[in-house]
Protein chains: 2
Amino acid sequence: MAVEVVYRSSRDPERLFMDKAEADRYDKMLELAERLSEVLHKAVPSLSEEQGEELGIFMAKNRDVFAKAFKSQPDALEELEIEAASE
Amino acid sequence: MAVEVVYRSSRDPERLFMDKAEADRYDKMLELAERLSEVLHKAVPSLSEEQGEELGIFMAKNRDVFAKAFKSQPDALEELEIEAASE
């Protein structure tokens with residue numbers, strides 16, 4: 001038996017990481033997802049909470065592709081391999 | 001009476017512009033909006049067609065802010081002044 005260090009994002013304490021950099025990336029992804037869900041929900045109030053969350057997570061996970069698409073290349077969105085969020 | 005040149009995007013033939021550059025910006029905005037609606041709809045199939053369109057238009061109109069947010073500054077989303085889409 002030994003004591004080990006594990007890392008987690010305070011936004012999702014259930015999920016533990018052995019690698020700090022990975023925990024950090026995960027935390028940043030969740031931060032972006034939360035902010036996206038919030039603004040999308042304000043812009044389109046008919047979204048359910050679940051839909052808002054799914055949209056935020058989906059876009060935050062693919063942030064590089066969306067960054068390109070918004071900057072100058074809408075085509076970049078074709079790179080996305082989309083697995084529909086489970087209901 | 002005189003003949004004048006007006007411009008329009010083939011994506012929305014109803015809307016006419018006196019200025020070609022403005023028509024061009026509008027066409028690019030609609031292109032991005034369409035592509036966004038499509039990918040968001042695939043990712044979150046429970047979205048209605050209307051919700052997908054509203055999300056696409058909202059984000060495409062604010063593409064600079066979203067480009068920043070996805071690139072590196074989620075805070076940028078606070079700049080958005082959100083007027084909820086009319087139902």
# chains A, B, ... in the order shown; residues from 1 in each chain; ligands from 1
$ interface_residues --of "chain B" --to "chain A" --cutoff "10 Å" --atoms "only C-alpha atoms" --output "MDAnalysis selection string"
chainID B and resid 28:29 31:36 38:48 50:52 54:55 58:60 62:78 80:87
$ atom_distance --atom1 "CA of Glu53 (chain A)" --atom2 "CA of Glu22 (chain A)"
21.4 Å
$ atom_distance --atom1 "CA of Ala2 (chain B)" --atom2 "CA of Met18 (chain B)"
14.3 Å
$ select_by_dssp --residues "chain A" --states "strand (DSSP E)" --output "list in words"
Tyr7, Arg8, Ser9, Asp12, Pro13, Glu14, Arg15, Leu16 and Phe17 of chain A
$ write_last_selection --atoms "all heavy atoms" --output "compact mmCIF listing (two decimals), in the first residue's frame"
# COMPACT_ATOMS: atom_id res chain seq x y z
N TYR A 7 -5.30 13.77 -9.30
CA TYR A 7 -5.73 15.14 -9.60
C TYR A 7 -7.18 15.11 -10.07
O TYR A 7 -7.64 14.13 -10.64
CB TYR A 7 -4.85 15.74 -10.69
CG TYR A 7 -3.39 15.76 -10.33
CD1 TYR A 7 -2.57 14.68 -10.65
CD2 TYR A 7 -2.84 16.83 -9.64
CE1 TYR A 7 -1.23 14.68 -10.31
CE2 TYR A 7 -1.50 16.84 -9.30
CZ TYR A 7 -0.70 15.77 -9.62
OH TYR A 7 0.62 15.77 -9.27
N ARG A 8 -7.89 16.19 -9.80
CA ARG A 8 -9.26 16.28 -10.30
C ARG A 8 -9.63 17.75 -10.53
O ARG A 8 -9.02 18.66 -9.95
CB ARG A 8 -10.24 15.65 -9.31
CG ARG A 8 -10.37 16.42 -8.01
CD ARG A 8 -11.27 15.69 -7.05
NE ARG A 8 -11.59 16.54 -5.90
CZ ARG A 8 -12.31 16.13 -4.86
NH1 ARG A 8 -12.77 14.89 -4.80
NH2 ARG A 8 -12.57 16.95 -3.86
N SER A 9 -10.63 17.95 -11.35
CA SER A 9 -11.16 19.30 -11.54
C SER A 9 -12.27 19.49 -10.52
O SER A 9 -13.12 18.62 -10.33
CB SER A 9 -11.75 19.41 -12.95
OG SER A 9 -12.64 20.52 -13.01
N ASP A 12 -15.79 18.72 -11.60
CA ASP A 12 -16.27 17.35 -11.75
C ASP A 12 -15.43 16.44 -10.85
O ASP A 12 -14.54 15.72 -11.32
CB ASP A 12 -16.13 16.92 -13.23
CG ASP A 12 -16.60 15.48 -13.45
OD1 ASP A 12 -17.18 14.87 -12.52
OD2 ASP A 12 -16.39 14.96 -14.57
N PRO A 13 -15.71 16.49 -9.55
CA PRO A 13 -14.84 15.84 -8.56
C PRO A 13 -14.80 14.32 -8.69
O PRO A 13 -13.90 13.68 -8.15
CB PRO A 13 -15.45 16.23 -7.21
CG PRO A 13 -16.39 17.36 -7.50
CD PRO A 13 -16.84 17.19 -8.92
N GLU A 14 -15.73 13.75 -9.42
CA GLU A 14 -15.78 12.30 -9.56
C GLU A 14 -14.62 11.78 -10.41
O GLU A 14 -14.22 10.63 -10.27
CB GLU A 14 -17.06 11.86 -10.28
CG GLU A 14 -18.34 12.33 -9.64
CD GLU A 14 -18.74 11.39 -8.52
OE1 GLU A 14 -18.96 10.21 -8.80
OE2 GLU A 14 -18.83 11.86 -7.35
N ARG A 15 -14.17 12.60 -11.30
CA ARG A 15 -13.22 12.09 -12.29
C ARG A 15 -11.78 12.40 -11.86
O ARG A 15 -11.40 13.55 -11.73
CB ARG A 15 -13.52 12.73 -13.64
CG ARG A 15 -12.59 12.26 -14.71
CD ARG A 15 -13.32 11.91 -15.98
NE ARG A 15 -12.39 11.62 -17.04
CZ ARG A 15 -12.60 11.84 -18.32
NH1 ARG A 15 -13.76 12.36 -18.69
NH2 ARG A 15 -11.70 11.54 -19.22
N LEU A 16 -11.02 11.33 -11.62
CA LEU A 16 -9.65 11.49 -11.13
C LEU A 16 -8.63 11.22 -12.22
O LEU A 16 -8.83 10.37 -13.09
CB LEU A 16 -9.41 10.52 -9.97
CG LEU A 16 -10.37 10.66 -8.78
CD1 LEU A 16 -10.09 9.61 -7.72
CD2 LEU A 16 -10.31 12.07 -8.19
N PHE A 17 -7.55 11.96 -12.17
CA PHE A 17 -6.47 11.81 -13.16
C PHE A 17 -5.16 11.54 -12.46
O PHE A 17 -4.89 12.10 -11.39
CB PHE A 17 -6.33 13.11 -13.97
CG PHE A 17 -7.52 13.42 -14.82
CD1 PHE A 17 -8.59 14.13 -14.29
CD2 PHE A 17 -7.58 13.01 -16.14
CE1 PHE A 17 -9.70 14.42 -15.07
CE2 PHE A 17 -8.68 13.30 -16.93
CZ PHE A 17 -9.75 14.00 -16.39
$ select_by_dssp --residues "region 34-67 of chain A" --states "alpha helix (DSSP H)" --output "ChimeraX atom specification"
/A:34-43,49-61,63-67
$ decode --residues "region 16-31 of chain A" --atoms "all heavy atoms" --output "short mmCIF file (atom, residue, chain, number, x, y, z; two decimals), in the first residue's frame"
data_model
loop_
_atom_site.label_atom_id
_atom_site.label_comp_id
_atom_site.auth_asym_id
_atom_site.auth_seq_id
_atom_site.Cartn_x
_atom_site.Cartn_y
_atom_site.Cartn_z
N LEU A 16 -11.02 11.33 -11.62
CA LEU A 16 -9.65 11.49 -11.13
C LEU A 16 -8.63 11.22 -12.22
O LEU A 16 -8.83 10.37 -13.09
CB LEU A 16 -9.41 10.52 -9.97
CG LEU A 16 -10.37 10.66 -8.78
CD1 LEU A 16 -10.09 9.61 -7.72
CD2 LEU A 16 -10.31 12.07 -8.19
N PHE A 17 -7.55 11.96 -12.17
CA PHE A 17 -6.47 11.81 -13.16
C PHE A 17 -5.16 11.54 -12.46
O PHE A 17 -4.89 12.10 -11.39
CB PHE A 17 -6.33 13.11 -13.97
CG PHE A 17 -7.52 13.42 -14.82
CD1 PHE A 17 -8.59 14.13 -14.29
CD2 PHE A 17 -7.58 13.01 -16.14
CE1 PHE A 17 -9.70 14.42 -15.07
CE2 PHE A 17 -8.68 13.30 -16.93
CZ PHE A 17 -9.75 14.00 -16.39
N MET A 18 -4.33 10.71 -13.05
CA MET A 18 -2.99 10.48 -12.52
C MET A 18 -2.04 11.57 -12.99
O MET A 18 -1.01 11.83 -12.40
CB MET A 18 -2.42 9.12 -13.01
CG MET A 18 -3.28 7.91 -12.65
SD MET A 18 -3.56 7.77 -10.87
CE MET A 18 -1.91 7.35 -10.28
N ASP A 19 -2.45 12.21 -14.07
CA ASP A 19 -1.56 13.17 -14.72
C ASP A 19 -2.12 14.59 -14.55
O ASP A 19 -3.26 14.87 -14.93
CB ASP A 19 -1.50 12.81 -16.22
CG ASP A 19 -0.59 13.74 -16.98
OD1 ASP A 19 0.52 14.03 -16.49
OD2 ASP A 19 -1.00 14.19 -18.07
N LYS A 20 -1.31 15.46 -13.97
CA LYS A 20 -1.82 16.81 -13.69
C LYS A 20 -2.19 17.57 -14.97
O LYS A 20 -3.20 18.28 -15.01
CB LYS A 20 -0.77 17.60 -12.89
CG LYS A 20 -1.27 18.96 -12.44
CD LYS A 20 -0.32 19.57 -11.41
CE LYS A 20 -0.85 20.90 -10.89
NZ LYS A 20 -1.15 21.86 -11.95
N ALA A 21 -1.36 17.43 -15.98
CA ALA A 21 -1.63 18.17 -17.23
C ALA A 21 -2.97 17.73 -17.83
O ALA A 21 -3.72 18.54 -18.37
CB ALA A 21 -0.50 17.95 -18.23
N GLU A 22 -3.24 16.45 -17.69
CA GLU A 22 -4.50 15.95 -18.24
C GLU A 22 -5.70 16.50 -17.44
O GLU A 22 -6.72 16.87 -18.01
CB GLU A 22 -4.49 14.42 -18.18
CG GLU A 22 -5.26 13.77 -19.30
CD GLU A 22 -5.21 12.24 -19.19
OE1 GLU A 22 -4.11 11.70 -18.93
OE2 GLU A 22 -6.28 11.61 -19.33
N ALA A 23 -5.55 16.54 -16.12
CA ALA A 23 -6.60 17.10 -15.28
C ALA A 23 -6.82 18.57 -15.63
O ALA A 23 -7.95 19.06 -15.67
CB ALA A 23 -6.21 16.97 -13.80
N ASP A 24 -5.75 19.23 -15.94
CA ASP A 24 -5.81 20.64 -16.30
C ASP A 24 -6.55 20.85 -17.61
O ASP A 24 -7.40 21.74 -17.73
CB ASP A 24 -4.38 21.16 -16.42
CG ASP A 24 -4.32 22.64 -16.17
OD1 ASP A 24 -4.74 23.06 -15.07
OD2 ASP A 24 -3.88 23.36 -17.08
N ARG A 25 -6.24 20.01 -18.58
CA ARG A 25 -6.94 20.11 -19.87
C ARG A 25 -8.44 19.84 -19.68
O ARG A 25 -9.28 20.51 -20.27
CB ARG A 25 -6.38 19.09 -20.88
CG ARG A 25 -5.15 19.59 -21.64
CD ARG A 25 -4.89 18.70 -22.86
NE ARG A 25 -4.60 17.31 -22.49
CZ ARG A 25 -3.41 16.87 -22.10
NH1 ARG A 25 -2.37 17.70 -21.99
NH2 ARG A 25 -3.23 15.61 -21.80
N TYR A 26 -8.73 18.88 -18.85
CA TYR A 26 -10.12 18.52 -18.61
C TYR A 26 -10.86 19.69 -17.93
O TYR A 26 -11.98 20.04 -18.30
CB TYR A 26 -10.17 17.26 -17.74
CG TYR A 26 -11.56 16.72 -17.51
CD1 TYR A 26 -12.32 16.22 -18.57
CD2 TYR A 26 -12.12 16.70 -16.24
CE1 TYR A 26 -13.60 15.72 -18.36
CE2 TYR A 26 -13.40 16.19 -16.01
CZ TYR A 26 -14.13 15.71 -17.08
OH TYR A 26 -15.40 15.22 -16.87
N ASP A 27 -10.19 20.30 -16.96
CA ASP A 27 -10.80 21.44 -16.27
C ASP A 27 -11.06 22.60 -17.24
O ASP A 27 -12.13 23.24 -17.19
CB ASP A 27 -9.86 21.90 -15.14
CG ASP A 27 -10.44 23.08 -14.38
OD1 ASP A 27 -11.51 22.90 -13.75
OD2 ASP A 27 -9.85 24.17 -14.40
N LYS A 28 -10.13 22.86 -18.12
CA LYS A 28 -10.30 23.95 -19.09
C LYS A 28 -11.43 23.64 -20.06
O LYS A 28 -12.18 24.53 -20.47
CB LYS A 28 -9.00 24.16 -19.89
CG LYS A 28 -7.92 24.87 -19.09
CD LYS A 28 -6.95 25.56 -20.05
CE LYS A 28 -6.15 26.67 -19.37
NZ LYS A 28 -5.69 26.32 -18.03
N MET A 29 -11.54 22.38 -20.44
CA MET A 29 -12.61 21.98 -21.35
C MET A 29 -13.96 22.23 -20.65
O MET A 29 -14.88 22.80 -21.23
CB MET A 29 -12.44 20.50 -21.73
CG MET A 29 -13.39 19.99 -22.80
SD MET A 29 -15.03 19.55 -22.17
CE MET A 29 -14.66 18.02 -21.30
N LEU A 30 -14.04 21.82 -19.37
CA LEU A 30 -15.31 22.01 -18.66
C LEU A 30 -15.64 23.49 -18.46
O LEU A 30 -16.80 23.89 -18.50
CB LEU A 30 -15.27 21.31 -17.30
CG LEU A 30 -15.27 19.78 -17.33
CD1 LEU A 30 -15.23 19.23 -15.90
CD2 LEU A 30 -16.51 19.23 -18.04
N GLU A 31 -14.61 24.29 -18.24
CA GLU A 31 -14.85 25.72 -18.06
C GLU A 31 -15.48 26.32 -19.33
O GLU A 31 -16.49 27.02 -19.27
CB GLU A 31 -13.54 26.47 -17.74
CG GLU A 31 -13.80 27.96 -17.48
CD GLU A 31 -12.55 28.83 -17.58
OE1 GLU A 31 -11.45 28.28 -17.77
OE2 GLU A 31 -12.70 30.06 -17.50
#
